[in-house]
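Printed here is model_27.txt (compact mmCIF, C-alpha atoms (C1' of nucleotides)):
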# COMPACT_ATOMS: atom_id res chain seq x y z
CA MET B 201 63.42 144.76 92.81
CA THR B 202 60.06 146.29 93.68
CA ARG B 203 58.52 148.39 90.94
CA THR B 204 58.67 151.70 92.76
CA ASP B 205 59.69 153.05 96.11
CA LEU B 206 56.78 153.07 98.53
CA ARG B 207 57.46 156.68 99.40
CA ILE B 208 56.93 157.67 95.79
CA VAL B 209 53.66 155.77 95.63
CA LYS B 210 52.38 157.48 98.76
CA THR B 211 53.45 160.92 97.60
CA LYS B 212 51.78 160.52 94.22
CA GLU B 213 48.59 159.18 95.77
CA ALA B 214 48.44 162.15 98.09
CA LEU B 215 48.97 164.59 95.23
CA HIS B 216 46.39 162.86 93.07
CA ALA B 217 43.80 162.94 95.84
CA ALA B 218 44.51 166.59 96.57
CA LEU B 219 44.11 167.61 92.93
CA LEU B 220 40.84 165.70 92.54
CA ASP B 221 39.59 167.31 95.71
CA LEU B 222 40.45 170.80 94.52
CA LEU B 223 38.80 170.17 91.15
CA ASN B 224 35.46 170.02 92.96
CA ASP B 225 35.87 173.64 93.99
CA LYS B 226 37.65 175.34 91.11
CA VAL B 227 38.85 174.89 87.55
CA LEU B 228 42.26 173.45 86.72
CA GLU B 229 43.77 176.77 85.69
CA ASP B 230 43.03 178.36 89.08
CA ILE B 231 44.71 175.63 91.08
CA THR B 232 48.27 176.30 92.21
CA ILE B 233 51.07 173.86 92.94
CA SER B 234 51.40 175.34 96.43
CA GLU B 235 47.73 174.68 97.06
CA ILE B 236 47.94 171.04 96.01
CA CYS B 237 51.01 170.48 98.16
CA ARG B 238 49.46 172.11 101.20
CA LYS B 239 46.39 169.91 100.90
CA ALA B 240 48.43 166.78 100.17
CA LYS B 241 50.82 167.57 103.04
CA VAL B 242 53.70 167.13 100.64
CA ASN B 243 56.65 169.47 100.40
CA ARG B 244 56.52 171.66 97.35
CA GLY B 245 60.01 170.60 96.38
CA THR B 246 58.80 167.01 96.30
CA PHE B 247 56.20 167.96 93.70
CA TYR B 248 58.95 169.18 91.42
CA LEU B 249 60.81 165.90 91.95
CA HIS B 250 58.00 164.10 90.10
CA TYR B 251 56.30 166.70 87.94
CA SER B 252 57.08 170.04 86.45
CA GLN B 253 53.52 171.29 86.04
CA ILE B 254 50.08 170.57 87.45
CA GLU B 255 49.21 169.39 83.95
CA ASP B 256 51.67 166.51 84.23
CA LEU B 257 49.90 165.32 87.36
CA PHE B 258 46.52 165.59 85.65
CA GLU B 259 47.89 163.74 82.64
CA GLU B 260 48.24 160.62 84.79
CA TYR B 261 44.48 160.50 85.25
CA PHE B 262 43.76 161.16 81.68
CA LYS B 263 45.92 158.27 80.53
CA GLU B 264 43.74 155.94 82.57
CA ILE B 265 40.72 157.37 80.81
CA THR B 266 42.12 156.88 77.33
CA ALA B 267 42.99 153.32 78.34
CA ASP B 268 39.29 152.80 79.04
CA LEU B 269 38.54 154.24 75.62
CA ALA B 270 40.75 151.62 73.99
CA ARG B 271 39.08 148.84 75.97
CA SER B 272 35.55 149.89 75.08
CA TYR B 273 36.47 150.46 71.45
CA GLN B 274 37.92 147.00 71.08
CA GLU B 275 35.03 145.32 72.86
CA PRO B 276 32.97 144.64 69.67
CA TYR B 277 36.02 142.94 68.15
CA ARG B 278 36.41 140.39 70.90
CA HIS B 279 34.51 137.74 68.97
CA VAL B 280 35.05 138.63 65.35
CA SER B 281 38.55 139.35 64.16
CA VAL B 282 37.65 141.68 61.30
CA LEU B 283 34.79 144.13 61.00
CA LYS B 284 34.18 145.67 57.62
CA PRO B 285 33.21 149.31 57.92
CA SER B 286 30.21 148.69 55.69
CA GLU B 287 28.92 146.26 58.31
CA LEU B 288 29.41 148.92 60.93
CA ASP B 289 26.46 149.03 63.24
CA PRO B 290 25.88 152.24 65.17
CA SER B 291 25.76 150.30 68.41
CA THR B 292 29.27 149.01 67.90
CA ILE B 293 30.66 152.50 68.06
CA GLN B 294 31.59 152.99 71.65
CA ILE B 295 33.49 156.26 71.45
CA PHE B 296 30.62 158.66 72.11
CA HIS B 297 29.40 156.47 74.91
CA HIS B 298 32.84 156.59 76.46
CA ILE B 299 32.98 160.38 76.25
CA GLU B 300 29.61 160.69 77.92
CA LYS B 301 30.76 158.37 80.68
CA TYR B 302 33.70 160.64 81.50
CA LYS B 303 31.97 163.90 80.65
CA PRO B 304 33.36 165.89 83.61
CA PHE B 305 36.90 165.03 82.55
CA TYR B 306 36.35 165.83 78.92
CA LYS B 307 34.89 169.18 79.89
CA ILE B 308 38.32 169.91 81.35
CA ILE B 309 40.22 168.44 78.41
CA PHE B 310 38.34 170.55 75.88
CA SER B 311 38.33 173.81 77.79
CA LYS B 312 39.96 176.80 76.14
CA LYS B 313 42.81 177.40 78.53
CA VAL B 314 44.00 173.83 78.91
CA PRO B 315 47.19 172.91 77.00
CA MET B 316 46.99 170.93 73.76
CA MET B 317 48.72 167.92 75.34
CA TYR B 318 45.50 166.16 76.32
CA TYR B 319 44.02 166.67 72.90
CA TYR B 320 47.03 164.90 71.45
CA LEU B 321 46.64 162.00 73.86
CA LEU B 322 43.07 161.52 72.68
CA PHE B 323 43.98 162.03 69.04
CA GLU B 324 46.81 159.50 69.15
CA GLU B 325 44.63 156.99 70.94
CA ILE B 326 41.78 157.13 68.42
CA LYS B 327 44.22 157.27 65.53
CA SER B 328 45.96 154.08 66.58
CA LEU B 329 42.64 152.34 67.18
CA LEU B 330 41.58 153.17 63.62
CA LEU B 331 44.98 152.25 62.22
CA HIS B 332 44.98 148.83 63.86
CA ASP B 333 41.63 147.66 62.63
CA LYS B 334 42.03 149.06 59.14
CA ILE B 335 41.73 146.24 56.64
CA ALA B 336 44.49 146.21 54.06
CA SER B 337 43.13 148.66 51.55
CA ILE B 338 42.83 147.83 47.87
CA GLU B 339 43.43 151.46 47.18
CA GLU B 340 47.21 151.54 47.13
CA GLU B 341 47.63 155.27 46.96
CA ILE B 342 46.11 155.92 50.35
CA ASN B 343 48.56 157.08 53.02
CA HIS B 344 47.30 155.16 56.02
CA ASP B 345 48.87 157.43 58.64
CA LEU B 346 47.32 160.47 57.06
CA TYR B 347 44.00 158.78 56.53
CA SER B 348 43.82 157.59 60.14
CA ALA B 349 44.64 161.11 61.28
CA TYR B 350 41.90 162.39 58.97
CA GLN B 351 39.29 159.97 60.28
CA ALA B 352 40.28 160.10 63.94
CA ASN B 353 40.16 163.86 64.02
CA ALA B 354 36.88 163.89 62.12
CA ILE B 355 35.32 161.95 64.99
CA ILE B 356 36.91 164.30 67.52
CA GLY B 357 35.38 167.12 65.48
CA MET B 358 31.94 165.73 66.20
CA ILE B 359 32.87 165.46 69.87
CA LEU B 360 34.06 169.08 69.90
CA GLU B 361 30.78 170.21 68.37
CA TRP B 362 28.93 168.08 70.91
CA TYR B 363 30.96 169.72 73.69
CA ARG B 364 30.26 173.16 72.23
CA GLN B 365 26.53 172.37 72.37
CA ASP B 366 27.03 171.39 76.02
CA PHE B 367 26.59 167.67 75.21
CA SER B 368 22.98 168.17 74.23
CA TYR B 369 22.84 165.45 71.52
CA ASN B 370 22.34 161.94 72.74
CA VAL B 371 24.78 159.16 72.02
CA SER B 372 22.67 157.16 69.58
CA TYR B 373 21.97 160.26 67.49
CA LEU B 374 25.71 160.85 67.16
CA ASN B 375 26.30 157.21 66.27
CA ASN B 376 23.70 157.41 63.52
CA GLN B 377 25.11 160.63 62.16
CA LEU B 378 28.63 159.20 62.10
CA VAL B 379 27.52 156.16 60.13
CA LYS B 380 25.84 158.49 57.64
CA TYR B 381 28.98 160.58 57.20
CA ILE B 382 31.18 157.54 56.69
CA ASN B 383 28.89 156.12 54.02
CA LEU B 384 28.30 159.46 52.37
CA LYS B 385 29.90 160.08 49.02
CA ALA B 386 31.27 163.51 48.47
CA ASP B 387 29.05 164.34 45.52
CA LEU B 388 25.70 163.62 47.12
CA MET L 132 34.43 209.65 67.88
CA THR L 133 37.76 208.08 66.89
CA ARG L 134 37.82 204.30 66.93
CA THR L 135 40.33 203.96 69.75
CA ASP L 136 42.45 206.15 71.94
CA LEU L 137 45.86 206.75 70.38
CA ARG L 138 47.56 205.77 73.62
CA ILE L 139 45.96 202.35 73.46
CA VAL L 140 47.09 201.90 69.87
CA LYS L 141 50.66 202.81 70.77
CA THR L 142 50.72 200.57 73.82
CA LYS L 143 49.39 197.58 71.90
CA GLU L 144 51.82 198.13 69.04
CA ALA L 145 54.71 198.23 71.49
CA LEU L 146 53.56 195.03 73.19
CA HIS L 147 53.03 193.28 69.87
CA ALA L 148 56.49 194.24 68.65
CA ALA L 149 58.08 193.14 71.90
CA LEU L 150 56.41 189.74 71.84
CA LEU L 151 57.38 189.10 68.22
CA ASP L 152 60.91 190.11 69.06
CA LEU L 153 61.11 187.73 72.01
CA LEU L 154 59.67 184.88 69.93
CA ASN L 155 62.87 184.92 67.90
CA ASP L 156 64.84 183.92 70.98
CA LYS L 157 62.57 181.65 72.97
CA VAL L 158 59.30 179.73 72.89
CA LEU L 159 56.02 181.28 73.95
CA GLU L 160 55.82 179.40 77.22
CA ASP L 161 59.16 180.77 78.43
CA ILE L 162 58.24 184.39 77.84
CA THR L 163 57.04 186.35 80.86
CA ILE L 164 54.73 189.33 81.04
CA SER L 165 57.40 191.30 82.87
CA GLU L 166 59.85 190.59 80.06
CA ILE L 167 57.47 191.82 77.37
CA CYS L 168 56.69 194.96 79.31
CA ARG L 169 60.35 195.74 79.95
CA LYS L 170 61.13 195.40 76.25
CA ALA L 171 58.04 197.34 75.19
CA LYS L 172 58.74 200.06 77.80
CA VAL L 173 55.19 199.69 79.00
CA ASN L 174 54.20 199.48 82.64
CA ARG L 175 53.22 195.99 83.71
CA GLY L 176 49.94 197.29 85.10
CA THR L 177 49.11 198.61 81.63
CA PHE L 178 49.48 195.12 80.21
CA TYR L 179 46.76 193.89 82.57
CA LEU L 180 44.55 196.77 81.48
CA HIS L 181 44.35 195.20 78.01
CA TYR L 182 45.13 191.52 78.45
CA SER L 183 45.09 188.97 81.20
CA GLN L 184 47.61 186.56 79.71
CA ILE L 185 50.36 186.57 77.12
CA GLU L 186 48.14 184.24 75.14
CA ASP L 187 45.53 186.97 74.69
CA LEU L 188 48.18 189.18 73.13
CA PHE L 189 49.30 186.40 70.83
CA GLU L 190 45.69 185.69 69.89
CA GLU L 191 45.55 189.07 68.18
CA TYR L 192 48.16 187.93 65.69
CA PHE L 193 46.57 184.64 65.13
CA LYS L 194 43.25 186.21 64.24
CA GLU L 195 44.96 188.05 61.41
CA ILE L 196 46.32 184.75 60.19
CA THR L 197 42.95 183.01 60.20
CA ALA L 198 41.57 186.00 58.31
CA ASP L 199 44.13 185.26 55.60
CA LEU L 200 42.98 181.66 55.61
CA ALA L 201 39.42 182.77 54.89
CA ARG L 202 40.60 185.01 52.07
CA SER L 203 42.68 182.32 50.37
CA TYR L 204 39.96 179.72 50.82
CA GLN L 205 37.36 181.88 49.16
CA GLU L 206 39.65 182.87 46.31
CA PRO L 207 38.55 180.04 43.94
CA TYR L 208 34.93 181.08 44.46
CA ARG L 209 35.43 184.62 43.27
CA HIS L 210 34.20 183.81 39.78
CA VAL L 211 31.85 180.89 40.24
CA SER L 212 29.20 181.09 42.93
CA VAL L 213 28.88 177.37 43.61
CA LEU L 214 31.48 174.62 43.46
CA LYS L 215 30.25 171.07 43.67
CA PRO L 216 32.60 168.94 45.78
CA SER L 217 32.72 166.38 42.98
CA GLU L 218 34.24 169.05 40.77
CA LEU L 219 36.78 169.77 43.46
CA ASP L 220 40.18 170.20 41.95
CA PRO L 221 43.19 169.70 44.21
CA SER L 222 44.55 173.05 43.19
CA THR L 223 41.47 174.82 44.48
CA ILE L 224 42.24 173.69 47.99
CA GLN L 225 44.21 176.47 49.51
CA ILE L 226 44.26 175.39 53.13
CA PHE L 227 47.50 173.41 53.12
CA HIS L 228 49.17 176.13 51.14
CA HIS L 229 48.08 178.65 53.74
CA ILE L 230 49.45 176.54 56.59
CA GLU L 231 52.80 176.22 54.87
CA LYS L 232 52.91 179.96 54.33
CA TYR L 233 52.56 180.59 58.08
CA LYS L 234 54.46 177.51 59.21
CA PRO L 235 56.35 179.22 62.07
CA PHE L 236 53.09 180.38 63.58
CA TYR L 237 51.38 177.04 63.24
CA LYS L 238 54.34 175.38 64.93
CA ILE L 239 53.45 177.50 67.92
CA ILE L 240 49.72 176.91 67.63
CA PHE L 241 50.13 173.12 67.56
CA SER L 242 52.74 172.80 70.26
CA LYS L 243 51.88 170.68 73.27
CA LYS L 244 51.94 173.33 75.96
CA VAL L 245 49.94 175.98 74.17
CA PRO L 246 46.31 176.39 75.28
CA MET L 247 43.46 174.98 73.19
CA MET L 248 42.15 178.45 72.37
CA TYR L 249 44.09 178.77 69.09
CA TYR L 250 42.98 175.35 67.96
CA TYR L 251 39.40 176.48 68.41
CA LEU L 252 40.01 179.62 66.39
CA LEU L 253 41.28 177.52 63.51
CA PHE L 254 38.52 174.95 63.90
CA GLU L 255 35.76 177.56 63.91
CA GLU L 256 37.24 179.30 60.90
CA ILE L 257 37.44 176.17 58.75
CA LYS L 258 34.06 174.97 59.99
CA SER L 259 32.33 178.17 58.96
CA LEU L 260 34.08 178.15 55.58
CA LEU L 261 32.74 174.64 54.94
CA LEU L 262 29.32 175.51 56.29
CA HIS L 263 28.95 178.53 54.02
CA ASP L 264 29.71 176.82 50.75
CA LYS L 265 27.76 173.67 51.52
CA ILE L 266 25.09 173.22 48.85
CA ALA L 267 21.65 172.47 50.26
CA SER L 268 21.91 168.76 50.79
CA ILE L 269 19.33 166.34 49.40
CA GLU L 270 20.05 164.15 52.36
CA GLU L 271 17.67 165.65 54.90
CA GLU L 272 18.88 163.75 57.91
CA ILE L 273 22.35 165.28 57.90
CA ASN L 274 23.04 167.67 60.76
CA HIS L 275 25.01 170.37 59.00
CA ASP L 276 26.70 171.76 62.09
CA LEU L 277 27.91 168.33 63.08
CA TYR L 278 28.93 167.45 59.56
CA SER L 279 30.91 170.66 59.14
CA ALA L 280 32.63 169.99 62.44
CA TYR L 281 33.37 166.46 61.23
CA GLN L 282 34.84 167.61 57.93
CA ALA L 283 36.68 170.65 59.26
CA ASN L 284 38.40 168.68 61.96
CA ALA L 285 39.22 165.88 59.53
CA ILE L 286 41.25 168.37 57.53
CA ILE L 287 42.91 169.66 60.70
CA GLY L 288 43.70 166.02 61.46
CA MET L 289 45.76 165.85 58.29
CA ILE L 290 47.47 169.09 59.27
CA LEU L 291 48.26 167.69 62.73
CA GLU L 292 49.79 164.60 61.16
CA TRP L 293 51.72 166.83 58.78
CA TYR L 294 52.98 168.86 61.75
CA ARG L 295 53.89 165.67 63.61
CA GLN L 296 56.00 164.63 60.59
CA ASP L 297 57.65 168.04 60.76
CA PHE L 298 55.85 169.24 57.62
CA SER L 299 57.66 166.72 55.44
CA TYR L 300 54.83 166.10 52.93
CA ASN L 301 54.46 168.65 50.19
CA VAL L 302 51.30 170.61 49.64
CA SER L 303 50.17 169.00 46.39
CA TYR L 304 50.54 165.51 47.89
CA LEU L 305 48.24 166.53 50.75
CA ASN L 306 45.76 168.04 48.31
CA ASN L 307 45.67 164.80 46.32
CA GLN L 308 45.24 162.68 49.42
CA LEU L 309 42.41 164.89 50.67
CA VAL L 310 40.52 164.58 47.40
CA LYS L 311 40.92 160.80 47.62
CA TYR L 312 39.55 160.69 51.15
CA ILE L 313 36.56 162.83 50.28
CA ASN L 314 35.63 160.65 47.34
CA LEU L 315 36.30 157.42 49.17
CA LYS L 316 33.35 155.29 50.15
CA ALA L 317 33.63 153.59 53.49
CA ASP L 318 33.31 150.05 52.16
CA LEU L 319 36.15 150.18 49.66
C1' DT A 24 42.52 226.91 74.21
C1' DT A 25 40.70 225.21 78.15
C1' DT A 26 38.31 221.58 80.29
C1' DT A 27 37.22 216.91 80.85
C1' DT A 28 38.07 212.30 80.35
C1' DT A 29 40.89 208.39 80.67
C1' DA A 30 45.18 205.69 79.73
C1' DT A 31 49.49 205.14 81.81
C1' DT A 32 52.73 205.18 85.54
C1' DG A 33 55.05 204.10 89.96
C1' DT A 34 54.80 201.94 94.10
C1' DA A 35 53.48 198.52 97.10
C1' DC A 36 52.03 193.88 98.81
C1' DA A 37 51.01 189.08 99.49
C1' DG A 38 51.36 184.91 97.13
C1' DT A 39 53.40 181.68 93.60
C1' DT A 40 57.20 179.80 91.04
C1' DG A 41 61.37 177.25 90.15
C1' DT A 42 65.65 176.14 92.04
C1' DT A 43 69.35 174.86 95.36
C1' DC A 44 71.30 172.48 99.42
C1' DA A 45 72.22 170.28 103.63
C1' DA A 46 69.69 167.54 107.04
C1' DT A 47 66.57 163.92 107.91
C1' DA A 48 63.82 159.95 107.59
C1' DA A 49 62.13 156.17 105.28
C1' DA A 50 62.63 152.26 102.37
C1' DA A 51 65.58 148.77 100.14
C1' DA A 52 69.54 145.84 100.12
C1' DT A 53 72.93 143.27 102.54
C1' DA M 73 69.73 143.88 112.24
C1' DT M 74 72.72 146.85 110.13
C1' DT M 75 74.18 149.33 106.24
C1' DT M 76 73.32 151.69 102.11
C1' DT M 77 70.56 154.12 99.14
C1' DT M 78 67.35 157.59 98.11
C1' DA M 79 62.95 160.21 98.72
C1' DT M 80 61.39 163.84 101.45
C1' DT M 81 61.84 167.95 104.10
C1' DG M 82 62.63 172.81 105.40
C1' DA M 83 64.67 176.92 104.53
C1' DA M 84 66.08 180.40 101.63
C1' DC M 85 66.35 183.20 97.27
C1' DA M 86 65.37 185.96 93.26
C1' DA M 87 61.94 186.66 89.92
C1' DC M 88 57.16 186.73 88.39
C1' DT M 89 52.11 187.31 89.19
C1' DG M 90 47.86 189.68 89.96
C1' DT M 91 45.87 193.38 92.14
C1' DA M 92 45.14 198.08 94.15
C1' DC M 93 45.48 203.08 94.34
C1' DA M 94 46.81 207.75 94.01
C1' DA M 95 49.47 210.75 90.90
C1' DT M 96 50.46 212.03 86.33
C1' DA M 97 50.30 212.75 81.51
C1' DA M 98 48.22 212.34 77.28
C1' DA M 99 44.35 212.41 74.29
C1' DA M 100 39.52 213.78 73.29
C1' DA M 101 35.75 216.99 73.81
C1' DA M 102 34.03 221.49 74.71

Same coordinates, now as structure tokens:
Amino acid sequence: MTRTDLRIVKTKEALHAALLDLLNDKVLEDITISEICRKAKVNRGTFYLHYSQIEDLFEEYFKEITADLARSYQEPYRHVSVLKPSELDPSTIQIFHHIEKYKPFYKIIFSKKVPMMYYYLLFEEIKSLLLHDKIASIEEEINHDLYSAYQANAIIGMILEWYRQDFSYNVSYLNNQLVKYINLKADL
Amino acid sequence: MTRTDLRIVKTKEALHAALLDLLNDKVLEDITISEICRKAKVNRGTFYLHYSQIEDLFEEYFKEITADLARSYQEPYRHVSVLKPSELDPSTIQIFHHIEKYKPFYKIIFSKKVPMMYYYLLFEEIKSLLLHDKIASIEEEINHDLYSAYQANAIIGMILEWYRQDFSYNVSYLNNQLVKYINLKADL
DNA sequence: TTTTTTATTGTACAGTTGTTCAATAAAAAT
DNA sequence: ATTTTTATTGAACAACTGTACAATAAAAAA
């Protein structure tokens, strides 16, 4: 009745540790499955019992990171149940702060050769955060799924630009810019 | 003084044709370099002389597609030099129409296992289109690079959602929604 | 046309990949 | 404590990868 076999836990821990270790030396795309298994002292066949790619192993980390994103995003809501976007204070936006906190990971996530899968994890996470705190709109003709996708990816767009500029903007500048964009009417 | 050696042209054409041919049978990630070279009757070493991955070969197609995007985007501007966003008519938005036109390609581009590189090509293309036709803003504190990134990726967000729903919305619906989002103030 | 340049080929090699299978060892269940 | 279940191992295989190098053939330059 235990959650998972102890052997599986040990194997995965060893593989996780080995991958993190290798990431200090080289980029994800240069790391081989054989290499990870040698370092983890795990048979290569065992790797394939749990994963099919290195990316699947790395995905397990990244899910922990997006979980932290959800936590920090929801933090300002812990005391008030509804926050109107017009009352949005730059300091309540925690997303850019979160990205900066895990910068080394996001540098991997956004690199050219990495598969789209991580992008989707981030996209889905931000999308659902926006969807959940969206107040029932008066505007009936708005497709909420589409609009959340629009807004979530807009924010990721800023992050991509930030990444492209090697994270040279500081967090409060980005927060201020975001608030401006949200309150901006198209015909300004 | 010719642009490129005829042998190179022939080799690349053969590789292009072979890849397109194989894409009818299987997904990009299942295609091997050896396979392409066998079909193209090109030595495998020759492949590495021009590309380092299959993705680099595929990128050459995709660049032609984003060039078409730029053309169709700029089409409404051929007669007027400036279009104010407030005058934006849904029919002038050609992006969704373009995506639908090349749907099979974009299904590849947006698939989970494909590297981020194609996403960036699309992102950069749309970003620069937005940046070029942006009228000098009265609002001085807007960072145009960031704002273009924000807006460009917002649109891609809608496309991603569209893709996720297996392209079930029709183009004019998306155009109408986009116009709504652009004209929406945050505190509605 | 002849010479020069250079793209392509064929071969080879060590390493990785993905898969299979019987043997083993470790954990869970009784 | 013993039995049952199952995760891990090791070995083996064919195919792919990335790289190197000398030989060849094709194109460009003279």

Exercise for review: Do a neighbour search on Asn343 (chain B) at 8 Å with all atoms listed in the file, toss out local chain neighbours closer than 3 positions, and write the hits as a list in words.
Suggested key: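 Within the cut-off, the hits are Leu346 and Tyr347 of chain B; Gln308 of chain L.
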
Practice item. Name the residues in contact with Ser242 (chain L) at a cut-off of 12 Å, using only C-alpha atoms (C1' of nucleotides), excluding same-chain residues fewer than 5 positions from it; report them as a list in words. Key: Pro315, Met316, Met317, Tyr318, Tyr319 and Tyr320 of chain B; Val158, Leu159, Glu160, Pro235, Phe236, Tyr237, Met247, Tyr249, Tyr250, Leu291, Tyr294, Arg295 and Asp297 of chain L

Practice item. Do me a favour and pick out the residues of chain B within 7 Å of chain M, using all atoms listed in the file, as a list in words. Key: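 Every residue meeting the condition is included here: Arg207, Asn243 and Thr246 of chain B.
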
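In this structure, the chain A residues at most 9 Å away from chain L are A:DA30, A:DT31, A:DT32, A:DG33, with all atoms listed in the file considered.
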
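Relative to C1' of DT39 (chain A), CA of Lys243 (chain L) is found at 23.2 Å.
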
Residues near region 369-376 of chain B, anyone? I mean within 10 Å using only C-alpha atoms (C1' of nucleotides), not counting same-chain ones fewer than 5 positions away, as an mmCIF file with C-alpha atoms, in the coordinates of the input.
data_model
loop_
_atom_site.group_PDB
_atom_site.id
_atom_site.type_symbol
_atom_site.label_atom_id
_atom_site.label_comp_id
_atom_site.auth_asym_id
_atom_site.auth_seq_id
_atom_site.Cartn_x
_atom_site.Cartn_y
_atom_site.Cartn_z
ATOM 1 C CA ASP B 289 26.460 149.030 63.240
ATOM 2 C CA PRO B 290 25.880 152.240 65.170
ATOM 3 C CA SER B 291 25.760 150.300 68.410
ATOM 4 C CA THR B 292 29.270 149.010 67.900
ATOM 5 C CA ILE B 293 30.660 152.500 68.060
ATOM 6 C CA GLN B 294 31.590 152.990 71.650
ATOM 7 C CA ILE B 295 33.490 156.260 71.450
ATOM 8 C CA PHE B 296 30.620 158.660 72.110
ATOM 9 C CA HIS B 297 29.400 156.470 74.910
ATOM 10 C CA HIS B 298 32.840 156.590 76.460
ATOM 11 C CA ILE B 299 32.980 160.380 76.250
ATOM 12 C CA GLU B 300 29.610 160.690 77.920
ATOM 13 C CA ILE B 355 35.320 161.950 64.990
ATOM 14 C CA MET B 358 31.940 165.730 66.200
ATOM 15 C CA ILE B 359 32.870 165.460 69.870
ATOM 16 C CA GLU B 361 30.780 170.210 68.370
ATOM 17 C CA TRP B 362 28.930 168.080 70.910
ATOM 18 C CA TYR B 363 30.960 169.720 73.690
ATOM 19 C CA TYR B 381 28.980 160.580 57.200
ATOM 20 C CA GLU L 272 18.880 163.750 57.910
ATOM 21 C CA ILE L 273 22.350 165.280 57.900
ATOM 22 C CA ASN L 274 23.040 167.670 60.760
ATOM 23 C CA LEU L 277 27.910 168.330 63.080
#

Point to revise | Atom pair CA of Ile254 (chain B) / CA of Lys307 (chain B): separation (Å) | key: 17.0 Å

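C1' of DT47 (chain A) lies 20.1 Å from CA of Arg238 (chain B).
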